[in-house]
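Comments concern the structure below.
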There are 2 protein chains.
Amino acid sequence: MTHGASPSLAPKLLQHPHPRQRFVPSLDIGLWCILFVAYCVWHRIKSSGGGLDLGNESEAEWAGEKEIQDFATIDWTYYAEKDRNRRKQGFGAMPRSQFFRVLTSMYDAMQSWLALALTGFCCGLCAAMVGMGADWANDMKFGMCWGRGFWITRNMCCKDSMNILSCDNWHSWPKILGYAEQESEQMLSYAFYTLIAVTQAGYAAWMCNRLAPYAVGSGIGEIKVILSGFVIKRFLGGWTLLVKSLGLILSVGSGLSIGKEGPFIHLSCCIGNLVSRAFSKFANNEGRKRELLSCACSAGIAVAFGAPIGGVLFSLEEVAVYFPPKTMWRALFCATFAAMTIQRVNPLPSGKLVMFEVTYHHQWKLFELGVFAFIGAIGGLVGAFISKMNVRWSKFRKTTALKKYPITEVMVCAAITSLIDYTIVYLRGSSTLLLQALFSECKNSNPATYEELCNHENGREILTFLMLSAVIKILLTIVSFGNPVPGGIFVPSLVIGALIGRAVGFALQLLENEVGDIGVFYVCRSATSCITPGIYAIVGAASVLGGICRMTVCLVVIMFEVTGGYEYVLPVMVGVMMSKWVADAFGHTSIYIKLIQLKGYPHLDNKREYHFTERASDVMTCRDLFVLSMHGNNVESIEGLLASTTFQGFPVVTSHEDMLVVGYLSRSSLQRVMSKAAANGRVTPQTLCSFGTPAGLPDDAEAAESYIDLSPWLDASPIQIMETTPLDRVIEMFRGLGLRYLLVTHNGQLVGILKKKDILEHIELYRKGLADRRNNPDVF
Amino acid sequence: MTHGASPSLAPKLLQHPHPRQRFVPSLDIGLWCILFVAYCVWHRIKSSGGGLDLGNESEAEWAGEKEIQDFATIDWTYYAEKDRNRRKQGFGAMPRSQFFRVLTSMYDAMQSWLALALTGFCCGLCAAMVGMGADWANDMKFGMCWGRGFWITRNMCCKDSMNILSCDNWHSWPKILGYAEQESEQMLSYAFYTLIAVTQAGYAAWMCNRLAPYAVGSGIGEIKVILSGFVIKRFLGGWTLLVKSLGLILSVGSGLSIGKEGPFIHLSCCIGNLVSRAFSKFANNEGRKRELLSCACSAGIAVAFGAPIGGVLFSLEEVAVYFPPKTMWRALFCATFAAMTIQRVNPLPSGKLVMFEVTYHHQWKLFELGVFAFIGAIGGLVGAFISKMNVRWSKFRKTTALKKYPITEVMVCAAITSLIDYTIVYLRGSSTLLLQALFSECKNSNPATYEELCNHENGREILTFLMLSAVIKILLTIVSFGNPVPGGIFVPSLVIGALIGRAVGFALQLLENEVGDIGVFYVCRSATSCITPGIYAIVGAASVLGGICRMTVCLVVIMFEVTGGYEYVLPVMVGVMMSKWVADAFGHTSIYIKLIQLKGYPHLDNKREYHFTERASDVMTCRDLFVLSMHGNNVESIEGLLASTTFQGFPVVTSHEDMLVVGYLSRSSLQRVMSKAAANGRVTPQTLCSFGTPAGLPDDAEAAESYIDLSPWLDASPIQIMETTPLDRVIEMFRGLGLRYLLVTHNGQLVGILKKKDILEHIELYRKGLADRRNNPDVF
């Protein structure tokens with residue numbers, strides 16, 4: 001099977017009847033990469049020490065008056081209110097003419113659309129460049145474009161040639177070194193393949209490790225956390241975008257068992273974040289910014305799979321926590337813009353939006369649904385296995401000496417991967433081509449290398465190789481995903497699933513050939529063969545991906561957008577459903593949630609249903625309840641409060657005896673008032689701080705000079721719940737309203753404060769089985 | 001253009017290379033209809049007076065212990081809590097073995113899936129029957145199947161014939177009466193066409209008017225209201241389902257400018273409601289039942305357009321208010337099940353899921369995007385116009401003498417429609433075939449009658465007829481939608497849009513033929529013609545529908561599921577976006593919301609963003625605040641309270657002086673306790689009613705006999721907000737949590753109660769411009 005011919009890198013471009021003109025000049029992709037490498041190194045050398053900032057320091061500035069701490073949670077209601085105020089004030093300041101109001105409101109609305117279009121366009125461009133770069137990096141392992149420049153991909157290089165395999169411009173490494181057609185050619189190719197892969201992977205790892213630690217992995221988990229309202233500084237910065245793009249090209253090109261599709265989501269969000277800074281509507285509003293990021297997420301999937309609708313659903317179902325209906329339309333706009341950009345700039349060989357277009361000549365039969373369910377179950381098992389093992393391997397990486405040698409780890413991993421993959425013809429080329437071949441029908445649409453997939457004469461051999469490839473890919477994926485290089489798990493899991501599915505389909509086809517049209521195959525009597533292994537491959541791919549990521553609706557939609565095979569929605573659904581059921585038996589959480597938990601980020605899973613018996617009073621913070629009374633504070637006491645606590649805010653009550661809630665004052669406001677007051681010379685530690693006029697003072701201007709009035713900074717609309725409220729309802733409130741805290745009362749009196757983190761800690765304890773709630777309520 | 005040949009009723013079945021075997025016997029469709037007519041009449045005669053109940057009386061029973069009033073709003077949190085309790089109790093009562101728990105939980109999970117599958121299956125079946133029935137009713141206007149039985153549709157009748165136009169079994173009316181090939185044939189056909197149409201429409205109107213008043217219209221508005229938590233009894237009953245199915249067959253068959261697709265959603269919800277009664281999980285829980293109804297909605301769109309994903313998005317975006325992520329997957333399951341059922345039972349001629357499959361041989365060019373935007377703008381204008389005029393006509397119908405003669409109105413409308421339509425060849429046949437023709441490319445895929453659409457020789461004549469047809473269809477739709485017969489506006493608006501779009505495309509094509517490949521057409525130089533009017537028709541159809549219903553994402557998805565044309569997502573998006581912008585300039589509300597407002601149902605639009613400056617205290621009820629104090633009530637005072645008020649519940653406070661909130665007690669609980677107490681002989685009007693032990697009484701069993709303890713019925717977790725909370729945030733809370741009421745406090749003391757109805761009234765006042773809020777806050 002490891003036949004000696006030079007690996008065919010899909011002459012799809014030439015097979016297409018009307019290859020469309022590319023917009024991007026074919027030459028500059030490699031050049032682009034090299035320029036950026038140079039820039040990165042130069043920048044690294046130039047800037048001394050840690051502070052490599054390309055604008056990602058300024059997150060605090062965007063927030064305007066309210067400084068945001070790293071690893072803090074934002075409050076959606078606060079930003080929703082802020083946006084409303086901005087709108088009202090903006091309109092109020094305008095000339096009162098109806099015309100200007102309409103104009104202002106139109107510009108206000110246009111801002112969003114402009115930002116969305118820009119985000120979509122940049123995402124498409126970035127993805128196209130990364131895609132072409134990865135192709136180039138992948139081709140480099142086999143040889144280079146001798147005739148036209150080394151920075152040109154094989155497809156571009158051989159554009160004019162009729163057959164990509166016998167292209168004059170493209171030289172393999174042995175040929176360049178003059179060893180062509182000698183005995184050592186094969187060995188030399190092997191050596192070059194491995195060597196270049198290891199170099200690429202090592203360089204990618206070095207870059208990420210030294211330049212942008214947040215660039216590693218797929219980033220989807222962190223995006224989930226950020227979109228749920230958490231702040232991780234630098235994660236979405238321009239520097240991360242640059243390093244991740246470049247690292248992705250190299251790491252994917254090196255042949256590691258990772259995909260570039262997952263990281264596209266991270267890249268898109270970086271772009272969304274950068275774009276948001278240019279528009280006042282988003283720049284100063286963390287809530288609105290997250291809306292734009294949700295849309296950018298959709299664009300990420302749209303460019304990764306050419307699936308704008310799937311992208312919107314992915315964002316809605318998997319990533320975003322707060323997704324009002326109007327965001328959906330904006331997300332679709334952004335995603336379609338991105339998909340169209342990439343279609344025009346176009347790294348997809350078919351020139352269409354559909355990535356792996358399938359056209360089958362047979363309808364599936366009803367009895368096949370059983371097989372699809374079986375494949376789904378297998379996919380669920382495999383997915384759960386990969387997920388579990390990968391998380392275990394990540395833990396191992398984190399806790400042992402391995403974490404000290406990230407670059408070595410990646411290089412060793414790349415070396416093993418290349419050494420194995422080169423010997424297995426299915427795994428040697430790019431994953432995209434393999435998927436294309438596995439999904440396709442056995443007509444002449446198959447790329448040449450994969451022709452054997454349809455060869456029934458040595459059927460058992462093919463079957464063995466399919467299964468062997470699947471097993472190797474599973475093992476490689478387990479150790480590769482999570483490597484300290486950029487890379488996602490979407491495509492590897494699709495490949496694994498497609499291999500398994502194709503194997504099952506192929507086996508069934510062999511069986512049908514053997515036994516003829518009896519039994520269940522009776523319905524096939526009219527056709528020569530009614531089993532289309534490509535459908536099985538699609539179902540398998542969806543099932544394994546479903547088992548790992550626990551996606552449902554968006555996965556079905558993505559699969560059918562990727563294949564364009566609308567007739568196969570039901571098979572894919574059956575597969576995904578079975579996969580989810582089976583995988584859920586081994587734990588309900590997707591690999592992203594598991595990795596989030598492993599990294600210790602706070603995240604309230606919006607799909608999970610909890611069934612707690614606790615009430616709000618069991619979880620809230622009440623022992624260390626620091627409150628401000630309306631009157632009776634002075635500068636000294638407040639500064640003491642600020643110094644002795646780290647809370648993000650304080651409830652304000654009528655008095656310490658009554659504890660009736662008046663409002664909530666955030667720490668940052670309090671700090672600002674205090675520092676302002678300190679700048680004013682007349683303030684002494686004994687100056688009163690009060691909400692409204694203090695008791696005993698007249699309500700006039702002179703008296704107003706003698707105390708600090710805190711009431712303008714008071715948030716007078718915190719939400720209160722009774723202490724007996726069931727925890728499940730509390731969780732629903734946190735999710736539904738995007739809250740950060742709730743005030744808990746008993747008979748009207750404040751008895752505690754319930755923060756999102758309290759709930760997350762409770763869930764974490766519950767998950768670990770430590771929550772012995774009845775006997776030991778003090779544990780919280 | 002009104003050429004004399006017998007109207008061709010699309011020999012699509014025969015054109016399809018492999019016509020698949022139908023599962024439903026071809027004979028029984030007409031029979032089925034007749035049987036039901038007979039049953040309806042018999043039932044009507046048998047049952048005396050108004051009470052025609054087929055199980056739809058028992059809504060009160062399903063709710064279990066809490067009786068639900070008609071036209072009341074339900075509280076989602078109450079039912080969510082109830083579901084959790086059911087689950088917990090259910091598991092608690094079980095043997096404590098792990099195995100049984102797993103089994104119970106599995107059965108509990110299975111219940112949903114079973115209910116969904118059953119709903120999907122029944123929806124598919126019902127839609128298939130209604131679809132075939134409507135075809136039959138439509139064919140009946142032209143003639144009948146003489147050879148094989150009058151209850152057979154033309155397609156079935158001519159199954160064996162090679163050409164549907166010269167089918168021996170099918171006899172036109174003149175032929176049956178012996179006037180074939182005579183001069184009077186044409187006039188006789190005309191007369192029969194009109195007469196039968198009027199009879200059908202009249203009968204449909206009579207049925208709805210006398211048997212099920214809720215069966216009229218599309219029902220989508222009411223479904224929206226119901227899914228937002230409102231209760232409309234009998235609206236989803238079995239009787240409504242029966243009458244509406246039958247009425248729909250006749251009204252659509254009569255050729256009125258209404259579609260059967262919208263009412264499919266109502267029918268599906270009826271089925272969902274009936275199915276929910278069989279499953280304990282849904283029967284007693286209004287909240288869960290609404291989840292099932294959301295899924296049924298998706299199934300409705302899935303069967304109407306063969307668009308399961310579009311259905312899910314429709315339900316998510318347009319109809320449902322409370323749509324947790326897991327419901328999405330269930331909705332997709334239900335929708336796919338329904339779509340597959342209808343595909344197997346199959347009234348779609350193509351045998352595929354895609355309704356109007358399009359395969360174009362040209363990619364659209366960039367310059368065409370401008371034209372698509374133009375079509376979108378026109379579509380938006382037309383949509384807004386139709387929407388406005390239709391609502392005005394509905395108001396006219398409601399307020400004048402017209403409302404007394406619903407049946408006459410429908411018959412006159414049908415007569416006019418038939419008289420006009422018969423003379424216009426495009427409008428004579430069924431809308432589905434017209435749409436098929438308008439969307440299709442000018443290759444041989446067109447049905448014979450519509451061949452002229454591609455005839456460029458008399459281009460101007462065709463253009464005139466396309467525009468004329470559009471105008472006629474617009475006028476007819478304005479007066480037809482809302483007629484007291486079942487019927488929706490989806491397909492009429494699609495037809496209008498497709499006519500307009502096709503006309504624009506056709507004009508452009510003529511222009512291209514005239515001027516040649518110069519100017520913008522320079523990009524077309526390589527092809528003979530690069531304008532495909534079919535794409536323009538698709539864009540136009542989406543635009544007009546968008547302008548009327550203001551759907552966005554789901555419309556794009558439905559359009560591409562309907563056409564299978566994935567390459568045309570961007571044109572459709574551009575059209576829909578322009579359409580929405582243009583239409584929004586004439587008011588933000590869709591026709592459904594307008595009709596809801598006209599009918600006076602309460603509905604909090606979940607897509608609309610409000611920008612109020614009011615705070616909670618401006619809208620809440622405070623003057624007539626009836627509260628219960630914890631102590632100091634007796635039977636007499638409580639019965640007085642119940643008698644003097646109609647509120648659905650009462651806040652419970654510590655005392656009338658403190659007004660600190662303790663909880664909330666619903667009216668129904670209070671009534672039940674009181675009636676129970678009254679049944680107990682020892683209760684006098686002076687018996688104390690208290691929450692917990694009354695002051696001064698010892699906490700022992702003897703004392704417990706002497707007062708009524710209300711605390712077990714207390715809902716101890718109402719949500720409180722401060723009176724200064726902005727109204728916008730309050731609206732977000734109502735939407736996000738599905739609340740019915742909020743308690744409003746000031747410094748911890750209860751100052752008012754804010755009900756969903758208060759907010760709706762406020763919005764209504766605001767909409768009417770009556771809310772002079774600053775000067776006259778007492779208006780609320």
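Each chain in the structure tokens gets a letter, A, B, ..., in the order shown, and its residues are numbered from 1; ligands are numbered from 1 in order too.
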Proximity of chain B to chain A: per-residue shortest pair, 8 Å limit, only C-alpha atoms, as JSON lines:
```
{"residue": "B:Thr77", "atom": "CA", "partner": "A:Arg729", "partner_atom": "CA", "distance": 7.4}
{"residue": "B:Glu81", "atom": "CA", "partner": "A:Arg729", "partner_atom": "CA", "distance": 7.6}
{"residue": "B:Arg84", "atom": "CA", "partner": "A:His611", "partner_atom": "CA", "distance": 7.2}
{"residue": "B:Ile309", "atom": "CA", "partner": "A:Val557", "partner_atom": "CA", "distance": 7.7}
{"residue": "B:Glu317", "atom": "CA", "partner": "A:Pro325", "partner_atom": "CA", "distance": 6.2}
{"residue": "B:Pro324", "atom": "CA", "partner": "A:Lys607", "partner_atom": "CA", "distance": 7.9}
{"residue": "B:Pro325", "atom": "CA", "partner": "A:Glu317", "partner_atom": "CA", "distance": 6.1}
{"residue": "B:Lys326", "atom": "CA", "partner": "A:Lys607", "partner_atom": "CA", "distance": 6.7}
{"residue": "B:Met328", "atom": "CA", "partner": "A:Val553", "partner_atom": "CA", "distance": 7.1}
{"residue": "B:Trp329", "atom": "CA", "partner": "A:Val553", "partner_atom": "CA", "distance": 5.6}
{"residue": "B:Leu332", "atom": "CA", "partner": "A:Val553", "partner_atom": "CA", "distance": 7.0}
{"residue": "B:Phe333", "atom": "CA", "partner": "A:Met573", "partner_atom": "CA", "distance": 7.8}
{"residue": "B:Thr336", "atom": "CA", "partner": "A:Leu570", "partner_atom": "CA", "distance": 6.8}
{"residue": "B:Met340", "atom": "CA", "partner": "A:Leu570", "partner_atom": "CA", "distance": 7.9}
{"residue": "B:Lys352", "atom": "CA", "partner": "A:Glu567", "partner_atom": "CA", "distance": 7.7}
{"residue": "B:Leu353", "atom": "CA", "partner": "A:Glu567", "partner_atom": "CA", "distance": 7.1}
{"residue": "B:Thr552", "atom": "CA", "partner": "A:Trp329", "partner_atom": "CA", "distance": 6.4}
{"residue": "B:Val553", "atom": "CA", "partner": "A:Trp329", "partner_atom": "CA", "distance": 5.6}
{"residue": "B:Val557", "atom": "CA", "partner": "A:Ile309", "partner_atom": "CA", "distance": 7.7}
{"residue": "B:Gly564", "atom": "CA", "partner": "A:Tyr566", "partner_atom": "CA", "distance": 7.5}
{"residue": "B:Tyr566", "atom": "CA", "partner": "A:Gly564", "partner_atom": "CA", "distance": 7.5}
{"residue": "B:Glu567", "atom": "CA", "partner": "A:Leu353", "partner_atom": "CA", "distance": 7.1}
{"residue": "B:Leu570", "atom": "CA", "partner": "A:Thr336", "partner_atom": "CA", "distance": 6.8}
{"residue": "B:Met573", "atom": "CA", "partner": "A:Phe333", "partner_atom": "CA", "distance": 7.8}
{"residue": "B:Asn606", "atom": "CA", "partner": "A:Pro325", "partner_atom": "CA", "distance": 7.8}
{"residue": "B:Lys607", "atom": "CA", "partner": "A:Pro325", "partner_atom": "CA", "distance": 6.1}
{"residue": "B:His611", "atom": "CA", "partner": "A:Arg84", "partner_atom": "CA", "distance": 7.2}
{"residue": "B:Val653", "atom": "CA", "partner": "A:Asn747", "partner_atom": "CA", "distance": 7.7}
{"residue": "B:Thr654", "atom": "CA", "partner": "A:Asn747", "partner_atom": "CA", "distance": 6.9}
{"residue": "B:Leu660", "atom": "CA", "partner": "A:Gly748", "partner_atom": "CA", "distance": 4.7}
{"residue": "B:Val661", "atom": "CA", "partner": "A:Asn747", "partner_atom": "CA", "distance": 5.3}
{"residue": "B:Val662", "atom": "CA", "partner": "A:Asn747", "partner_atom": "CA", "distance": 5.0}
{"residue": "B:Ala716", "atom": "CA", "partner": "A:Thr724", "partner_atom": "CA", "distance": 6.0}
{"residue": "B:Ser717", "atom": "CA", "partner": "A:Thr725", "partner_atom": "CA", "distance": 4.5}
{"residue": "B:Pro718", "atom": "CA", "partner": "A:Ile721", "partner_atom": "CA", "distance": 6.8}
{"residue": "B:Ile719", "atom": "CA", "partner": "A:Ile721", "partner_atom": "CA", "distance": 5.1}
{"residue": "B:Gln720", "atom": "CA", "partner": "A:Gln720", "partner_atom": "CA", "distance": 5.1}
{"residue": "B:Ile721", "atom": "CA", "partner": "A:Ile719", "partner_atom": "CA", "distance": 5.1}
{"residue": "B:Met722", "atom": "CA", "partner": "A:Ser717", "partner_atom": "CA", "distance": 5.2}
{"residue": "B:Glu723", "atom": "CA", "partner": "A:Ser717", "partner_atom": "CA", "distance": 7.5}
{"residue": "B:Thr724", "atom": "CA", "partner": "A:Ser717", "partner_atom": "CA", "distance": 5.8}
{"residue": "B:Thr725", "atom": "CA", "partner": "A:Ser717", "partner_atom": "CA", "distance": 4.5}
{"residue": "B:Pro726", "atom": "CA", "partner": "A:Ser717", "partner_atom": "CA", "distance": 7.7}
{"residue": "B:Arg729", "atom": "CA", "partner": "A:Thr77", "partner_atom": "CA", "distance": 7.3}
{"residue": "B:Glu732", "atom": "CA", "partner": "A:Leu737", "partner_atom": "CA", "distance": 7.5}
{"residue": "B:Met733", "atom": "CA", "partner": "A:Leu737", "partner_atom": "CA", "distance": 6.7}
{"residue": "B:Gly736", "atom": "CA", "partner": "A:Gly736", "partner_atom": "CA", "distance": 5.1}
{"residue": "B:Leu737", "atom": "CA", "partner": "A:Gly736", "partner_atom": "CA", "distance": 6.3}
{"residue": "B:His746", "atom": "CA", "partner": "A:Val662", "partner_atom": "CA", "distance": 7.3}
{"residue": "B:Asn747", "atom": "CA", "partner": "A:Val662", "partner_atom": "CA", "distance": 5.0}
{"residue": "B:Gly748", "atom": "CA", "partner": "A:Leu660", "partner_atom": "CA", "distance": 4.7}
{"residue": "B:Gln749", "atom": "CA", "partner": "A:Gly748", "partner_atom": "CA", "distance": 6.7}
```
### Message
Which residues are close to range 466-482 of chain B, i.e. within 10 Å by only C-alpha atoms, leaving aside same-chain residues fewer than 2 positions away? Reply as a PyMOL selection string.
### Response
chain B and resi 216-218+256-259+382-383+385-394+397+409-410+413-414+416-417+420-421+424-427+453+460-464+484-489+492-493+495-504+506+595
### Query
What residues in range 519-705 of chain B get the DSSP label alpha helix (DSSP H)? Please answer as a PyMOL selection string.
chain B and resi 533-549+553-563+569-584+591-599+616-619+635-644+667-679+701-705
#### Entry: Spatial neighbours of range 145-151 of chain B, max dist 6 Å, only C-alpha atoms, sep filter under 3 positions, as a list in words
Gly30, Cys157, Asn169, Trp170 and His171 of chain B
#### Entry: For range 114-131 of chain B: contacts at 8 Å, only C-alpha atoms, fewer than 3 positions along chain excluded, given as a PyMOL selection string
chain B and resi 29+110-111+134-135+245-246+248-249+264+267-268+271-272+275-276+279+292+295-296+299-300+303-304+330+333-342+345-347
